[in-house]
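A short write-up of the structure that comes next.
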Amino acid sequence: MTVTAILVDDEHKSLAILKNKLERLCPNVTIIGETQDPEEAIDLITNLKPQLVFLDIAMPGMNGFDVLQKIPKPSFEVIFVTAFDTYGVEAIKHCAIGYIVKPIDSQDLIQAVSIATQNI
């Protein structure tokens, strides 16, 4: 089963690493959009309607939780990818299917994508 995804991270290097790992380790994930800008993320998610969103939490101007709150009727799975291990409970409150702490562990990524794919 192919899953469409959008990647959101304010750091270019982190975005590139995530994209590379997904392409190598999760061939069922098709990346249909990526951005470093939380405002643009809202537009991409709303217009492209991905099945899965990889979302950073700490971003300038608006955090990942703020992005989710601005999406009307979200119909996608969320995997948070963040440098902070302190937002786990908040992520669960926002119905996250996965929570990956940077640097991204390959097995954690594969497992989170597998669970998201099953839910989709």
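Identifiers for the structure tokens are assigned positionally: chains receive A, B, ... in sequence, residues are indexed from 1 per chain, and ligands are indexed from 1 in the order shown.
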message: Residues of chain A classed as alpha helix (DSSP H) by DSSP on the backbone are to be reported as an NGL selection string.
response: :A and (12-25 or 38-48 or 64-69 or 88-93 or 106-119)
Residue selection dump (C-alpha atoms) as a JSON list (two decimals), in the first residue's frame:
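Saved the output as part.json:
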```
[["chain", "number", "residue", "atom", "x", "y", "z"],
["A", 12, "HIS", "CA", 16.79, 22.09, 5.98],
["A", 13, "LYS", "CA", 19.30, 19.45, 7.13],
["A", 14, "SER", "CA", 16.70, 17.63, 9.25],
["A", 15, "LEU", "CA", 14.23, 17.70, 6.36],
["A", 16, "ALA", "CA", 16.84, 16.25, 4.00],
["A", 17, "ILE", "CA", 17.77, 13.48, 6.47],
["A", 18, "LEU", "CA", 14.12, 12.51, 7.00],
["A", 19, "LYS", "CA", 13.46, 12.48, 3.25],
["A", 20, "ASN", "CA", 16.53, 10.36, 2.59],
["A", 21, "LYS", "CA", 15.65, 7.83, 5.29],
["A", 22, "LEU", "CA", 12.06, 7.56, 4.08],
["A", 23, "GLU", "CA", 13.19, 6.99, 0.51],
["A", 24, "ARG", "CA", 15.65, 4.28, 1.59],
["A", 25, "LEU", "CA", 13.72, 2.56, 4.38],
["A", 38, "PRO", "CA", 4.61, 26.18, 9.22],
["A", 39, "GLU", "CA", 2.21, 28.52, 7.38],
["A", 40, "GLU", "CA", 3.01, 26.83, 4.07],
["A", 41, "ALA", "CA", 2.53, 23.47, 5.80],
["A", 42, "ILE", "CA", -1.09, 24.37, 6.54],
["A", 43, "ASP", "CA", -1.68, 25.18, 2.86],
["A", 44, "LEU", "CA", 0.08, 22.01, 1.66],
["A", 45, "ILE", "CA", -1.85, 19.78, 4.04],
["A", 46, "THR", "CA", -5.17, 21.42, 3.23],
["A", 47, "ASN", "CA", -4.67, 21.35, -0.55],
["A", 48, "LEU", "CA", -2.77, 18.08, -1.09],
["A", 64, "GLY", "CA", 3.65, 21.76, 15.20],
["A", 65, "PHE", "CA", 0.68, 21.67, 17.57],
["A", 66, "ASP", "CA", -0.42, 25.10, 16.30],
["A", 67, "VAL", "CA", -0.23, 23.80, 12.73],
["A", 68, "LEU", "CA", -2.52, 20.89, 13.58],
["A", 69, "GLN", "CA", -5.04, 23.17, 15.29],
["A", 88, "GLY", "CA", 5.28, 13.13, 24.17],
["A", 89, "VAL", "CA", 2.15, 13.61, 26.26],
["A", 90, "GLU", "CA", 1.11, 16.66, 24.25],
["A", 91, "ALA", "CA", 1.70, 14.69, 21.04],
["A", 92, "ILE", "CA", -0.64, 11.95, 22.26],
["A", 93, "LYS", "CA", -3.30, 14.56, 23.01],
["A", 106, "SER", "CA", 15.94, 3.92, 11.48],
["A", 107, "GLN", "CA", 13.99, 1.26, 13.40],
["A", 108, "ASP", "CA", 11.83, 3.89, 15.12],
["A", 109, "LEU", "CA", 11.00, 5.38, 11.72],
["A", 110, "ILE", "CA", 10.16, 2.02, 10.14],
["A", 111, "GLN", "CA", 7.96, 1.10, 13.11],
["A", 112, "ALA", "CA", 6.09, 4.42, 13.15],
["A", 113, "VAL", "CA", 5.45, 4.26, 9.38],
["A", 114, "SER", "CA", 4.28, 0.65, 9.70],
["A", 115, "ILE", "CA", 1.76, 1.58, 12.41],
["A", 116, "ALA", "CA", 0.57, 4.61, 10.42],
["A", 117, "THR", "CA", 0.16, 2.45, 7.30],
["A", 118, "GLN", "CA", -1.95, -0.05, 9.22],
["A", 119, "ASN", "CA", -4.18, 2.75, 10.52]]
```
- prompt: If we count only C-alpha atoms, what is near A:Glu34 at a cut-off of 7 Å, once residues fewer than 3 positions away on the same chain are taken out, given as a VMD selection string?
  reply: chain A and resid 6 to 8
message: Would you pick out the contacts of A:Val101 at 8 Å or less, using only C-alpha atoms, so that residues sharing its chain but fewer than 6 positions from it are not included, and give the list as a PyMOL selection string?
response: chain A and resi 81-85
message: I'd like the contact shell of A:Asp9 - 8 Å cut-off, only C-alpha atoms, skipping same-chain residues fewer than 5 positions apart - returned as a list of chain:residue names.
response: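 Skipping anything fewer than 5 positions along the chain leaves A:Ser14, A:Leu15, A:Thr35, A:Gln36, A:Asp37, A:Leu55, A:Asp56, A:Met59.
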If you keep all heavy atoms, can you produce a file of those selected residues as a short mmCIF file (atom, residue, chain, number, x, y, z; two decimals), in the first residue's frame?
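The resulting selection.cif:
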```cif
data_model
loop_
_atom_site.label_atom_id
_atom_site.label_comp_id
_atom_site.auth_asym_id
_atom_site.auth_seq_id
_atom_site.Cartn_x
_atom_site.Cartn_y
_atom_site.Cartn_z
N SER A 14 17.59 18.63 8.67
CA SER A 14 16.70 17.63 9.25
C SER A 14 15.69 17.14 8.23
O SER A 14 15.37 15.95 8.17
CB SER A 14 15.96 18.21 10.46
OG SER A 14 16.87 18.49 11.50
N LEU A 15 15.19 18.05 7.42
CA LEU A 15 14.23 17.70 6.36
C LEU A 15 14.88 16.76 5.35
O LEU A 15 14.30 15.75 4.95
CB LEU A 15 13.75 18.98 5.68
CG LEU A 15 12.45 18.96 4.92
CD1 LEU A 15 11.28 18.52 5.79
CD2 LEU A 15 12.17 20.34 4.34
N THR A 35 8.14 21.23 3.37
CA THR A 35 8.31 22.65 3.63
C THR A 35 9.04 22.88 4.95
O THR A 35 9.01 22.04 5.84
CB THR A 35 6.96 23.39 3.64
OG1 THR A 35 7.20 24.79 3.82
CG2 THR A 35 6.05 22.89 4.76
N GLN A 36 9.66 24.05 5.03
CA GLN A 36 10.30 24.49 6.26
C GLN A 36 9.45 25.56 6.95
O GLN A 36 9.79 26.02 8.03
CB GLN A 36 11.69 25.08 5.95
CG GLN A 36 12.67 24.04 5.45
CD GLN A 36 14.00 24.67 5.06
OE1 GLN A 36 14.32 24.75 3.88
NE2 GLN A 36 14.75 25.11 6.03
N ASP A 37 8.33 25.93 6.35
CA ASP A 37 7.49 27.02 6.83
C ASP A 37 6.16 26.48 7.36
O ASP A 37 5.39 25.89 6.61
CB ASP A 37 7.25 27.97 5.66
CG ASP A 37 6.40 29.17 6.01
OD1 ASP A 37 5.66 29.13 7.02
OD2 ASP A 37 6.46 30.16 5.26
N LEU A 55 5.86 15.85 11.21
CA LEU A 55 5.78 17.23 11.68
C LEU A 55 6.75 17.50 12.81
O LEU A 55 6.76 16.80 13.82
CB LEU A 55 4.34 17.48 12.15
CG LEU A 55 3.91 18.86 12.56
CD1 LEU A 55 4.12 19.87 11.44
CD2 LEU A 55 2.44 18.85 12.98
N ASP A 56 7.58 18.52 12.62
CA ASP A 56 8.47 19.00 13.68
C ASP A 56 7.60 19.75 14.70
O ASP A 56 6.52 20.24 14.36
CB ASP A 56 9.52 19.93 13.08
CG ASP A 56 10.61 20.32 14.06
OD1 ASP A 56 10.71 19.71 15.15
OD2 ASP A 56 11.38 21.25 13.74
N MET A 59 9.22 25.11 15.95
CA MET A 59 9.52 25.88 14.74
C MET A 59 9.26 27.34 15.05
O MET A 59 8.42 27.65 15.89
CB MET A 59 8.64 25.41 13.58
CG MET A 59 8.86 23.97 13.16
SD MET A 59 7.84 23.46 11.76
CE MET A 59 6.24 23.26 12.56
#
```
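Here the strand (DSSP E) residues in chain A, by DSSP on the backbone, are Val3, Thr4, Ala5, Ile6, Leu7, Val8, Val29, Thr30, Ile31, Ile32, Gly33, Glu34, Thr35, Leu52, Val53, Phe54, Leu55, Glu77, Val78, Ile79, Phe80, Val81, Thr82, Gly98, Tyr99, Ile100 and Val101 of chain A.
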Residue among A:Ser75, A:Thr86, A:Gly98, A:Glu11 lying closest to A:Pro60, counting only C-alpha atoms: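 The shortest atom-to-atom distance to A:Pro60 comes from A:Glu11.
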task: Would you mind reading off the distance between atom CA of A:Phe76 and atom CA of A:Gln51, one decimal, in Å?
output: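 Atom-to-atom, atom CA of A:Phe76 to atom CA of A:Gln51, that is 4.6 Å.
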Computed interatomic separation between atom CA of A:Glu77 and atom CA of A:Val29 (Å):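 Computing it gives 12.7 Å between the two atoms.
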